[in-house]
$ cat my_file_33.cif   # mmCIF, C-alpha atoms and all ligand atoms
data_work
#
loop_
_atom_site.label_atom_id
_atom_site.label_comp_id
_atom_site.auth_asym_id
_atom_site.auth_seq_id
_atom_site.Cartn_x
_atom_site.Cartn_y
_atom_site.Cartn_z
CA MET A 166 59.50 121.05 83.85
CA LYS A 167 57.42 122.25 86.74
CA VAL A 168 58.36 120.72 90.07
CA LEU A 169 56.50 120.90 93.35
CA VAL A 170 58.16 120.37 96.73
CA VAL A 171 55.92 119.77 99.75
CA GLY A 172 57.38 121.17 102.98
CA GLY A 173 58.84 124.40 104.24
CA GLY A 174 62.09 123.98 106.17
CA GLY A 175 65.84 123.93 105.66
CA ARG A 176 65.75 120.40 104.29
CA GLU A 177 63.26 121.44 101.62
CA HIS A 178 65.39 124.49 100.77
CA ALA A 179 68.40 122.20 100.23
CA ILE A 180 66.31 119.88 98.02
CA ILE A 181 65.01 122.84 96.01
CA LYS A 182 68.46 124.33 95.45
CA LYS A 183 69.73 120.97 94.20
CA ILE A 184 66.73 120.34 91.94
CA LYS A 185 67.24 123.80 90.46
CA GLU A 186 70.59 122.65 89.06
CA ASN A 187 68.74 120.51 86.50
CA SER A 188 68.52 122.57 83.29
CA GLU A 189 65.08 121.20 82.39
CA VAL A 190 63.51 122.66 85.51
CA ARG A 191 61.62 125.86 84.68
CA GLN A 192 59.75 126.47 87.89
CA ILE A 193 59.71 125.12 91.43
CA PHE A 194 56.79 125.58 93.81
CA ALA A 195 57.21 125.12 97.56
CA LEU A 196 54.08 124.25 99.60
CA PRO A 197 54.20 126.12 101.91
CA GLY A 198 57.94 126.96 101.75
CA ASN A 199 58.98 130.10 103.63
CA ALA A 200 59.98 133.63 102.66
CA GLY A 201 63.68 132.77 102.90
CA MET A 202 63.31 130.56 99.82
CA ASN A 203 61.75 133.20 97.59
CA GLU A 204 64.76 133.44 95.30
CA ASP A 205 64.70 129.70 94.61
CA ALA A 206 61.02 128.78 94.55
CA VAL A 207 57.51 130.17 94.35
CA CYS A 208 56.05 129.72 97.82
CA VAL A 209 52.37 128.84 97.91
CA ASN A 210 50.36 129.15 101.09
CA ILE A 211 49.20 125.54 101.32
CA GLY A 212 50.19 123.55 104.40
CA ALA A 213 52.15 120.31 104.06
CA LYS A 214 49.29 118.34 105.64
CA GLU A 215 46.54 119.80 103.39
CA ILE A 216 46.60 116.83 101.03
CA ASP A 217 43.45 117.73 99.06
CA LYS A 218 44.70 121.26 98.41
CA ILE A 219 48.16 119.99 97.42
CA VAL A 220 46.61 117.62 94.88
CA GLU A 221 44.31 120.35 93.55
CA PHE A 222 47.25 122.75 93.15
CA ALA A 223 49.35 120.10 91.43
CA THR A 224 46.65 119.22 88.91
CA ASP A 225 45.59 122.84 88.26
CA ASN A 226 49.20 123.84 87.65
CA LYS A 227 50.11 120.78 85.57
CA ILE A 228 52.99 119.80 87.82
CA ASP A 229 55.38 117.35 86.14
CA TYR A 230 57.02 116.00 89.27
CA ALA A 231 56.39 116.26 93.01
CA VAL A 232 58.68 115.69 95.97
CA VAL A 233 57.00 115.09 99.31
CA ALA A 234 59.67 115.79 101.92
CA PRO A 235 58.16 115.80 105.46
CA ASP A 236 56.94 112.80 107.45
CA ASP A 237 53.36 113.93 108.11
CA PRO A 238 52.12 114.18 104.50
CA LEU A 239 53.91 110.93 103.61
CA VAL A 240 52.21 109.09 106.48
CA LEU A 241 48.89 110.74 105.53
CA GLY A 242 49.15 109.42 101.96
CA ALA A 243 50.18 112.51 99.93
CA VAL A 244 52.11 110.35 97.44
CA ASP A 245 49.16 107.98 96.98
CA ALA A 246 46.83 110.94 96.37
CA LEU A 247 49.16 112.66 93.86
CA GLU A 248 49.90 109.44 91.99
CA ASP A 249 46.17 108.71 91.75
CA LYS A 250 45.97 111.88 89.67
CA GLY A 251 48.86 110.76 87.49
CA ILE A 252 51.53 113.00 89.02
CA PRO A 253 54.86 111.21 89.42
CA CYS A 254 56.25 111.60 92.94
CA PHE A 255 59.32 111.11 95.05
CA GLY A 256 58.46 109.53 98.40
CA PRO A 257 56.94 106.35 99.79
CA LYS A 258 53.24 105.58 99.76
CA ALA A 259 51.42 105.58 103.09
CA ASN A 260 51.66 101.81 103.47
CA ALA A 261 55.48 102.10 103.39
CA ALA A 262 55.77 105.42 105.27
CA ILE A 263 54.43 103.50 108.27
CA ILE A 264 58.06 102.45 108.84
CA GLU A 265 58.40 105.89 110.45
CA GLY A 266 54.73 106.49 111.29
CA SER A 267 54.53 103.61 113.74
CA LYS A 268 57.37 102.56 116.00
CA VAL A 269 55.41 99.43 116.91
CA PHE A 270 55.35 98.52 113.21
CA SER A 271 59.06 99.17 112.70
CA LYS A 272 60.13 97.31 115.85
CA ASN A 273 57.97 94.30 114.93
CA LEU A 274 59.36 94.39 111.38
CA MET A 275 62.93 94.30 112.70
CA LYS A 276 62.12 91.44 115.07
CA LYS A 277 60.39 89.42 112.34
CA TYR A 278 63.28 89.81 109.89
CA SER A 279 66.15 89.64 112.43
CA ILE A 280 67.35 93.19 111.77
CA PRO A 281 69.55 94.31 114.70
CA THR A 282 67.82 96.77 117.05
CA ALA A 283 67.33 97.36 120.77
CA ALA A 284 65.31 94.69 122.65
CA TYR A 285 61.80 95.98 123.38
CA GLU A 286 58.28 95.44 124.66
CA VAL A 287 55.07 97.01 123.31
CA PHE A 288 52.25 98.17 125.60
CA ASN A 289 48.72 99.44 124.99
CA ASP A 290 47.78 99.24 128.65
CA MET A 291 49.32 101.73 131.07
CA GLN A 292 49.06 99.52 134.16
CA LYS A 293 50.92 96.72 132.39
CA ALA A 294 53.63 99.14 131.26
CA LEU A 295 54.03 100.48 134.82
CA HIS A 296 54.15 96.94 136.21
CA TYR A 297 56.84 95.99 133.67
CA LEU A 298 58.91 98.99 134.75
CA GLU A 299 59.01 97.73 138.36
CA THR A 300 61.76 95.31 137.35
CA ALA A 301 62.97 96.62 133.97
CA PRO A 302 66.65 97.58 133.75
CA VAL A 303 67.45 101.32 133.74
CA PRO A 304 68.32 103.53 131.95
CA THR A 305 65.45 102.64 129.65
CA VAL A 306 63.90 104.30 126.61
CA ILE A 307 60.19 105.10 126.27
CA LYS A 308 58.85 105.80 122.77
CA ALA A 309 55.40 106.92 121.66
CA ASP A 310 54.20 104.76 118.77
CA GLY A 311 53.18 107.53 116.36
CA LEU A 312 54.66 110.77 115.03
CA ALA A 313 55.39 113.29 117.79
CA LEU A 314 57.35 116.10 116.12
CA GLY A 315 60.58 114.31 116.99
CA LYS A 316 59.79 114.58 120.72
CA GLY A 317 58.26 111.17 121.33
CA VAL A 318 61.41 109.54 122.73
CA ILE A 319 62.29 109.81 126.41
CA ILE A 320 65.48 108.38 127.87
CA ALA A 321 64.70 107.61 131.51
CA MET A 322 67.63 107.30 133.89
CA THR A 323 65.52 105.97 136.77
CA ARG A 324 62.38 103.82 137.12
CA GLU A 325 60.49 106.85 138.47
CA GLU A 326 61.37 108.90 135.39
CA ALA A 327 60.35 106.00 133.18
CA LYS A 328 56.95 105.72 134.91
CA GLU A 329 56.47 109.47 134.62
CA ALA A 330 57.16 109.24 130.87
CA VAL A 331 54.66 106.40 130.48
CA ARG A 332 51.98 108.35 132.37
CA SER A 333 52.60 111.49 130.31
CA MET A 334 52.13 109.54 127.09
CA MET A 335 49.34 107.12 128.05
CA GLU A 336 47.35 109.09 130.66
CA ASP A 337 48.02 112.78 129.97
CA LYS A 338 48.22 112.10 126.21
CA VAL A 339 50.92 114.70 125.63
CA PHE A 340 51.35 113.30 122.12
CA GLY A 341 47.63 112.63 121.56
CA LYS A 342 46.83 109.33 119.86
CA SER A 343 50.53 108.80 119.12
CA GLY A 344 50.83 107.65 122.73
CA ASP A 345 47.98 105.07 122.66
CA ASN A 346 50.66 102.45 122.17
CA ILE A 347 54.19 102.74 123.47
CA VAL A 348 57.47 100.92 123.08
CA ILE A 349 59.78 100.42 126.04
CA GLU A 350 63.24 99.51 124.86
CA GLU A 351 66.74 98.66 125.88
CA PHE A 352 69.12 101.61 126.31
CA LEU A 353 71.97 101.33 123.82
CA THR A 354 75.29 103.15 123.77
CA GLY A 355 77.75 104.09 121.07
CA PRO A 356 78.28 106.73 118.41
CA GLU A 357 75.23 107.59 116.29
CA VAL A 358 75.32 107.67 112.51
CA SER A 359 72.65 108.80 110.05
CA VAL A 360 72.57 107.07 106.69
CA LEU A 361 70.08 108.22 104.07
CA ALA A 362 69.54 105.87 101.15
CA PHE A 363 67.80 106.10 97.79
CA THR A 364 65.74 103.01 97.07
CA ASP A 365 63.22 102.00 94.43
CA GLY A 366 62.44 98.74 96.21
CA GLU A 367 64.84 96.75 94.05
CA THR A 368 68.11 98.64 94.42
CA LEU A 369 69.32 100.56 97.45
CA VAL A 370 72.06 103.18 97.25
CA PRO A 371 73.28 104.65 100.54
CA MET A 372 74.26 108.32 100.47
CA VAL A 373 77.30 109.69 102.26
CA SER A 374 76.96 109.14 106.04
CA SER A 375 76.42 112.02 108.45
CA MET A 376 76.32 112.99 112.13
CA ASP A 377 73.55 115.08 113.69
CA HIS A 378 73.91 117.18 116.87
CA LYS A 379 70.55 116.95 118.61
CA ARG A 380 71.14 118.73 121.90
CA ALA A 381 70.72 122.50 122.13
CA GLY A 382 74.00 123.23 123.92
CA ASP A 383 77.71 122.72 123.39
CA ASN A 384 79.18 119.37 124.46
CA ASP A 385 75.77 117.74 123.94
CA THR A 386 74.12 119.46 126.88
CA GLY A 387 70.64 120.94 127.17
CA LEU A 388 67.36 119.87 125.63
CA ASN A 389 66.84 117.74 122.54
CA THR A 390 66.13 119.76 119.40
CA GLY A 391 65.30 119.04 115.78
CA GLY A 392 69.07 119.19 115.13
CA MET A 393 71.61 121.99 115.70
CA GLY A 394 74.11 121.01 113.03
CA THR A 395 75.54 118.16 110.99
CA VAL A 396 78.74 116.96 109.42
CA ALA A 397 79.37 114.48 106.61
CA PRO A 398 80.90 111.99 106.23
CA ASN A 399 80.67 110.55 109.74
CA PRO A 400 84.18 109.34 110.72
CA TYR A 401 82.82 106.53 112.90
CA TYR A 402 81.22 104.97 109.84
CA THR A 403 84.13 103.04 108.36
CA GLU A 404 84.05 101.03 105.14
CA ASP A 405 83.79 97.80 107.12
CA ILE A 406 80.85 99.08 109.11
CA ALA A 407 79.20 100.33 105.91
CA LYS A 408 79.52 96.86 104.41
CA GLU A 409 78.10 95.24 107.53
CA CYS A 410 75.15 97.68 107.57
CA MET A 411 74.39 96.97 103.92
CA GLU A 412 74.26 93.23 104.63
CA THR A 413 72.56 93.14 108.01
CA ILE A 414 70.36 96.26 107.96
CA PHE A 415 69.83 98.13 104.66
CA LEU A 416 69.09 95.34 102.18
CA PRO A 417 67.21 93.23 104.79
CA THR A 418 64.97 96.25 105.48
CA MET A 419 64.26 96.85 101.78
CA ASN A 420 63.52 93.16 101.28
CA ALA A 421 61.38 92.96 104.42
CA MET A 422 59.20 95.82 103.19
CA ASN A 423 58.77 94.05 99.84
CA LYS A 424 57.79 90.81 101.58
CA GLU A 425 55.22 92.68 103.64
CA GLY A 426 53.70 94.08 100.44
CA ARG A 427 54.87 97.57 101.40
CA THR A 428 57.56 98.34 98.82
CA PHE A 429 59.45 101.44 99.93
CA LYS A 430 60.36 103.95 97.20
CA GLY A 431 62.04 107.19 98.15
CA CYS A 432 64.63 108.17 100.73
CA LEU A 433 64.90 105.69 103.59
CA TYR A 434 66.73 107.10 106.59
CA PHE A 435 68.57 104.76 108.92
CA GLY A 436 69.30 106.19 112.38
CA LEU A 437 72.02 103.84 113.61
CA MET A 438 73.94 103.33 116.80
CA LEU A 439 77.34 101.67 116.56
CA THR A 440 77.10 99.61 119.76
CA PRO A 441 79.83 97.36 121.18
CA LYS A 442 77.75 94.48 119.72
CA GLY A 443 77.65 95.97 116.22
CA PRO A 444 75.47 98.50 114.40
CA LYS A 445 71.81 98.59 115.44
CA VAL A 446 68.80 100.54 114.21
CA ILE A 447 67.65 103.30 116.56
CA GLU A 448 64.97 104.56 114.19
CA TYR A 449 63.82 104.58 110.60
CA ASN A 450 62.57 107.71 108.90
CA CYS A 451 60.63 107.58 105.66
CA ARG A 452 62.25 110.75 104.30
CA PHE A 453 65.36 112.89 104.09
CA GLY A 454 66.69 113.94 107.50
CA ASP A 455 66.78 117.54 108.65
CA PRO A 456 69.53 118.88 108.96
CA GLU A 457 71.37 115.86 107.47
CA THR A 458 70.14 116.82 104.00
CA GLN A 459 71.90 120.18 104.30
CA VAL A 460 75.29 118.37 104.33
CA VAL A 461 74.49 115.31 102.24
CA LEU A 462 73.03 116.99 99.15
CA PRO A 463 75.82 119.57 98.76
CA LEU A 464 78.16 116.56 98.42
CA LEU A 465 76.02 114.87 95.75
CA LYS A 466 77.76 115.07 92.37
CA SER A 467 74.95 113.45 90.38
CA ASP A 468 71.83 115.31 89.33
CA LEU A 469 69.28 114.99 92.14
CA LEU A 470 66.16 115.20 89.99
CA THR A 471 67.48 112.46 87.68
CA VAL A 472 68.13 110.19 90.65
CA MET A 473 64.71 110.94 92.14
CA GLN A 474 63.00 110.15 88.85
CA ALA A 475 64.94 106.88 88.62
CA VAL A 476 63.60 105.97 92.07
CA THR A 477 60.06 106.73 90.89
CA ASN A 478 60.50 104.77 87.65
CA GLY A 479 62.24 101.80 89.25
CA THR A 480 65.45 102.32 87.24
CA LEU A 481 67.81 103.16 90.09
CA LYS A 482 70.11 100.24 89.25
CA ASP A 483 70.96 101.91 85.91
CA THR A 484 71.50 105.36 87.38
CA ALA A 485 74.77 106.80 88.68
CA VAL A 486 74.62 108.18 92.22
CA GLU A 487 77.97 109.73 93.03
CA PHE A 488 79.25 111.80 95.92
CA ARG A 489 82.22 114.12 96.11
CA ASP A 490 85.12 112.90 98.16
CA ASP A 491 84.90 116.04 100.34
CA SER A 492 83.49 116.95 103.75
CA ALA A 493 80.61 119.20 104.68
CA CYS A 494 79.50 120.97 107.85
CA CYS A 495 76.17 122.71 108.50
CA VAL A 496 75.69 125.02 111.48
CA ILE A 497 72.09 125.75 112.46
CA MET A 498 71.32 129.26 113.68
CA ALA A 499 68.31 129.31 115.98
CA SER A 500 66.36 131.85 118.04
CA LYS A 501 67.41 132.15 121.67
CA GLY A 502 65.04 130.05 123.80
CA TYR A 503 64.54 127.30 121.20
CA PRO A 504 63.46 124.47 121.62
CA GLU A 505 61.25 126.14 124.24
CA ALA A 506 59.68 129.62 123.94
CA TYR A 507 61.42 132.12 121.68
CA ASP A 508 60.66 135.47 120.04
CA LYS A 509 60.35 135.98 116.32
CA GLY A 510 60.07 138.87 113.88
CA PHE A 511 63.72 140.02 113.98
CA GLU A 512 65.19 141.31 110.76
CA LEU A 513 67.29 138.63 109.04
CA LYS A 514 70.30 139.66 106.95
CA ILE A 515 72.07 137.04 104.87
CA GLY A 516 75.26 138.23 103.13
CA ASP A 517 75.30 137.77 99.35
CA SER A 518 78.47 135.68 99.55
CA VAL A 519 76.73 132.98 101.62
CA LYS A 520 73.23 132.98 100.11
CA ASN A 521 73.92 129.94 97.95
CA ASP A 522 74.93 127.89 100.98
CA THR A 523 72.17 129.04 103.32
CA TYR A 524 69.09 126.92 103.83
CA VAL A 525 66.31 128.89 105.46
CA ALA A 526 63.94 127.04 107.78
CA GLY A 527 61.89 129.81 109.39
CA ALA A 528 61.54 133.27 107.86
CA ALA A 529 58.67 135.54 106.85
CA ASN A 530 58.22 138.82 105.02
CA LYS A 531 57.28 141.82 107.12
CA ASP A 532 56.99 145.28 105.55
CA GLY A 533 59.21 144.17 102.68
CA LYS A 534 61.91 142.81 105.00
CA LEU A 535 62.92 139.25 105.72
CA VAL A 536 62.34 138.48 109.42
CA THR A 537 62.84 135.42 111.62
CA ASN A 538 59.78 133.23 111.98
CA GLY A 539 60.84 130.05 113.71
CA GLY A 540 62.96 128.34 116.34
CA ARG A 541 65.48 126.99 113.91
CA VAL A 542 65.93 129.93 111.55
CA LEU A 543 68.45 128.63 109.03
CA GLY A 544 71.46 126.44 108.42
CA VAL A 545 74.64 127.42 106.62
CA THR A 546 76.88 124.81 105.00
CA ALA A 547 80.50 124.73 103.90
CA VAL A 548 82.07 122.03 101.74
CA ALA A 549 85.85 121.53 101.83
CA LYS A 550 88.56 118.98 101.18
CA ASN A 551 88.57 117.87 104.81
CA LEU A 552 86.35 118.06 107.85
CA LYS A 553 88.47 120.61 109.68
CA SER A 554 88.23 123.11 106.81
CA ALA A 555 84.53 122.42 106.34
CA ILE A 556 83.91 123.24 110.02
CA SER A 557 85.93 126.45 109.99
CA GLY A 558 84.34 127.36 106.64
CA ALA A 559 80.83 126.97 108.06
CA TYR A 560 81.67 129.14 111.11
CA GLU A 561 83.15 131.81 108.80
CA LYS A 562 79.85 131.86 106.92
CA VAL A 563 77.90 132.21 110.16
CA LYS A 564 79.58 135.61 110.55
CA GLU A 565 77.89 136.77 107.33
CA ILE A 566 74.44 136.20 108.81
CA GLU A 567 72.79 138.51 111.30
CA PHE A 568 69.62 138.59 113.34
CA ASP A 569 68.82 139.60 116.91
CA ASN A 570 68.62 136.82 119.48
CA ALA A 571 70.59 134.40 117.29
CA PHE A 572 72.20 131.43 118.95
CA TYR A 573 74.13 128.46 117.60
CA ARG A 574 76.38 125.75 118.94
CA SER A 575 80.07 126.51 118.70
CA ASP A 576 81.19 122.85 118.61
CA ILE A 577 79.48 121.35 115.56
CA GLY A 578 81.81 118.68 114.18
CA LYS A 579 84.13 118.69 117.18
CA ARG A 580 83.33 115.11 118.18
CA ALA A 581 83.82 113.97 114.58
CA LEU A 582 87.14 115.77 114.41
CA ASP A 583 88.28 114.19 117.69
CA ALA A 584 87.30 110.77 116.32
CA LEU A 585 89.35 111.39 113.19
CA GLU A 586 92.36 112.41 115.25
CA GLU A 587 92.06 109.27 117.39
CA LYS A 588 92.24 107.08 114.30
P1 LIG B 1 64.53 109.38 117.77
O1 LIG B 1 63.48 110.43 117.99
O2 LIG B 1 64.00 108.01 117.56
O3 LIG B 1 65.56 109.85 116.77
O4 LIG B 1 65.37 109.30 119.11
C1 LIG B 1 65.98 110.46 119.59
C2 LIG B 1 67.30 110.10 120.18
O5 LIG B 1 67.10 109.29 121.34
C3 LIG B 1 68.22 109.28 119.29
O6 LIG B 1 68.93 110.04 118.38
C4 LIG B 1 69.12 108.65 120.32
O7 LIG B 1 70.12 109.56 120.72
C5 LIG B 1 68.20 108.43 121.48
N1 LIG B 1 67.75 107.04 121.53
C6 LIG B 1 66.67 106.51 120.91
N2 LIG B 1 66.56 105.19 121.17
C7 LIG B 1 67.60 104.88 121.98
C8 LIG B 1 68.06 103.67 122.60
N3 LIG B 1 67.40 102.51 122.46
N4 LIG B 1 69.16 103.73 123.37
C9 LIG B 1 69.83 104.89 123.55
N5 LIG B 1 69.45 106.07 122.99
C10 LIG B 1 68.36 106.06 122.21
N1 LIG B 2 67.75 114.78 112.03
C1 LIG B 2 66.84 113.79 112.43
C2 LIG B 2 65.62 113.71 111.62
O1 LIG B 2 65.48 114.28 110.56
O2 LIG B 2 64.68 113.06 112.07
#

$ encode --input "my_file_33.cif" --output "structure tokens"
Amino acid sequence: MKVLVVGGGGREHAIIKKIKENSEVRQIFALPGNAGMNEDAVCVNIGAKEIDKIVEFATDNKIDYAVVAPDDPLVLGAVDALEDKGIPCFGPKANAAIIEGSKVFSKNLMKKYSIPTAAYEVFNDMQKALHYLETAPVPTVIKADGLALGKGVIIAMTREEAKEAVRSMMEDKVFGKSGDNIVIEEFLTGPEVSVLAFTDGETLVPMVSSMDHKRAGDNDTGLNTGGMGTVAPNPYYTEDIAKECMETIFLPTMNAMNKEGRTFKGCLYFGLMLTPKGPKVIEYNCRFGDPETQVVLPLLKSDLLTVMQAVTNGTLKDTAVEFRDDSACCVIMASKGYPEAYDKGFELKIGDSVKNDTYVAGAANKDGKLVTNGGRVLGVTAVAKNLKSAISGAYEKVKEIEFDNAFYRSDIGKRALDALEEK
């Protein structure tokens, strides 16, 4: 089989490594991929948003199966375009990817179907939003409607900050058209949990839960990033909570999408907050999370490609999806300065003993050498019998990786470990 994976980061590298385990897979193409994946896939210089070129490549190369991993191409209709040419795909069509593509859509969906989430108001008029903020409770959360590279959410501690956020989105258009509409919502508190789920629209199978670490610095300080590390499973996510989420959030969401005529097939990501009033949805993503995937897939016992094909064919209910009863920890190594300005082009050395567990997000070839080429450069994952060993294992592996200006958090998994010890 020839498989194509759209995307180029650590998440895609983790998907590719797992798909490679299927003995029928002869070749994997990554569009665009990055030079750090060269041993696992053929990287092709086509951007993830270049839908026409992706489709042309897939048909010219007689691709048997395609996985569209990032949000942008899903929202732009990459799956629709590939399926129109008869190429089976993993990922939702555009009319279902809107669950991530528009926060106004997802909030209204949750309200309509009584799925627990933060209370909210939608605005398309800046003056009305500013007027509302005169009396709104703070802290409050301002969200741009559309995709904004994960930066479209601002937690405002004061009314002034909230107004500033509204102006930046609606007047200065810092997120372009994504800020034409905004959501202002209630500030929630509690531990956050990420749950990724396979669904074919009829059956929904949650994967092992995980915990992201979004802030750049130790003890959750510093700026928000795309994610500095993850652990799985998430100790806050007990069996009782999992059962409650299945009943009040996961299945109602799948059913709601069906009722709206927007059947979701693919990986549906639930960003949850376990509030004092029960689990609530913070956000939906229409795809695998990054870097959640780098801890979730290494724990998957079942064959990923088989499960993905079952999602595509609508046979998920007859397909085993099993996870190891172990723990995993992924530490992201970034370039100093990230998520703001950083330098790139430093030689990247990955020890042979950790190559299998390293998921490269940003690397390029320069004069025959692998060099850094991004803010988040790579993630390295360890799997072990318990969380404590997984964390120390991941930090041992970090020592086998070298590049100038590297920085990483030293406390990935600490909060999870503390939670386990409190139990
Ligand atoms: P998102 O980009 O939607 O993942 O949001 C980024 C982060 O903002 C989330 O992971 C939460 O930590 C935080 N956040 C989003 N919505 C809320 C909310 N209603 N209350 C508190 N924190 C929130
Ligand atoms: N780790 C959060 C996300 O993938 O959006």

$ closest_residue --input "my_file_33.cif" --among "A:Leu464, A:Cys208, A:Ala200, A:Val170" --to "Leu513 (chain A)" --atoms "all atoms listed in the file"
A:Ala200

$ closest_residue --input "my_file_33.cif" --among "A:Gly172, A:Pro235, A:Gly198, A:Gly426" --to "Arg452 (chain A)" --atoms "all atoms listed in the file"
A:Pro235

$ residues_near_ligand --input "my_file_33.cif" --ligand "ligand LIG 1 (chain B)" --cutoff "6 Å" --atoms "only C-alpha atoms and all ligand atoms" --output "MDAnalysis selection string"
chainID A and resid 283 306 315 318 350:354 447:448

$ closest_residue --input "my_file_33.cif" --among "A:Asp522, A:Glu587, A:Asp508, A:Glu425" --to "Ala571 (chain A)" --atoms "only C-alpha atoms"
A:Asp508

$ residues_near_ligand --input "my_file_33.cif" --ligand "ligand LIG 2 (chain B)" --cutoff "12 Å" --atoms "only C-alpha atoms and all ligand atoms" --output "number ranges by chain"
A: 174-177, 234-236, 265-266, 312-318, 357-361, 375-380, 389-396, 432-437, 447-461, 497

$ closest_residue --input "my_file_33.cif" --among "A:Pro304, A:Phe415, A:Asn423, A:Met473" --to "Val233 (chain A)" --atoms "all atoms listed in the file"
A:Met473

$ atom_distance --input "my_file_33.cif" --atom1 "CA of Thr418 (chain A)" --atom2 "CA of Ile280 (chain A)"
7.4 Å

$ residues_near_point --input "my_file_33.cif" --point "(55.7, 126.3, 97.5)" --cutoff "9 Å" --atoms "all atoms listed in the file" --output "PyMOL selection string"
chain A and resi 169-173+193-199+206-211

$ atom_distance --input "my_file_33.cif" --atom1 "CA of Ala506 (chain A)" --atom2 "CA of Ala526 (chain A)"
16.9 Å

$ atom_distance --input "my_file_33.cif" --atom1 "CA of Val542 (chain A)" --atom2 "CA of Gly527 (chain A)"
4.6 Å

$ residues_around --input "my_file_33.cif" --residues "Lys482 (chain A)" --least-positions-apart "5" --cutoff "9 Å" --atoms "all atoms listed in the file" --output "list in words"
Asp365, Glu367, Thr368, Leu369, Val370 and Ala475 of chain A

$ closest_residue --input "my_file_33.cif" --among "A:Ile406, A:Val331, A:Val476, A:Val168" --to "Gly443 (chain A)" --atoms "all atoms listed in the file"
A:Ile406
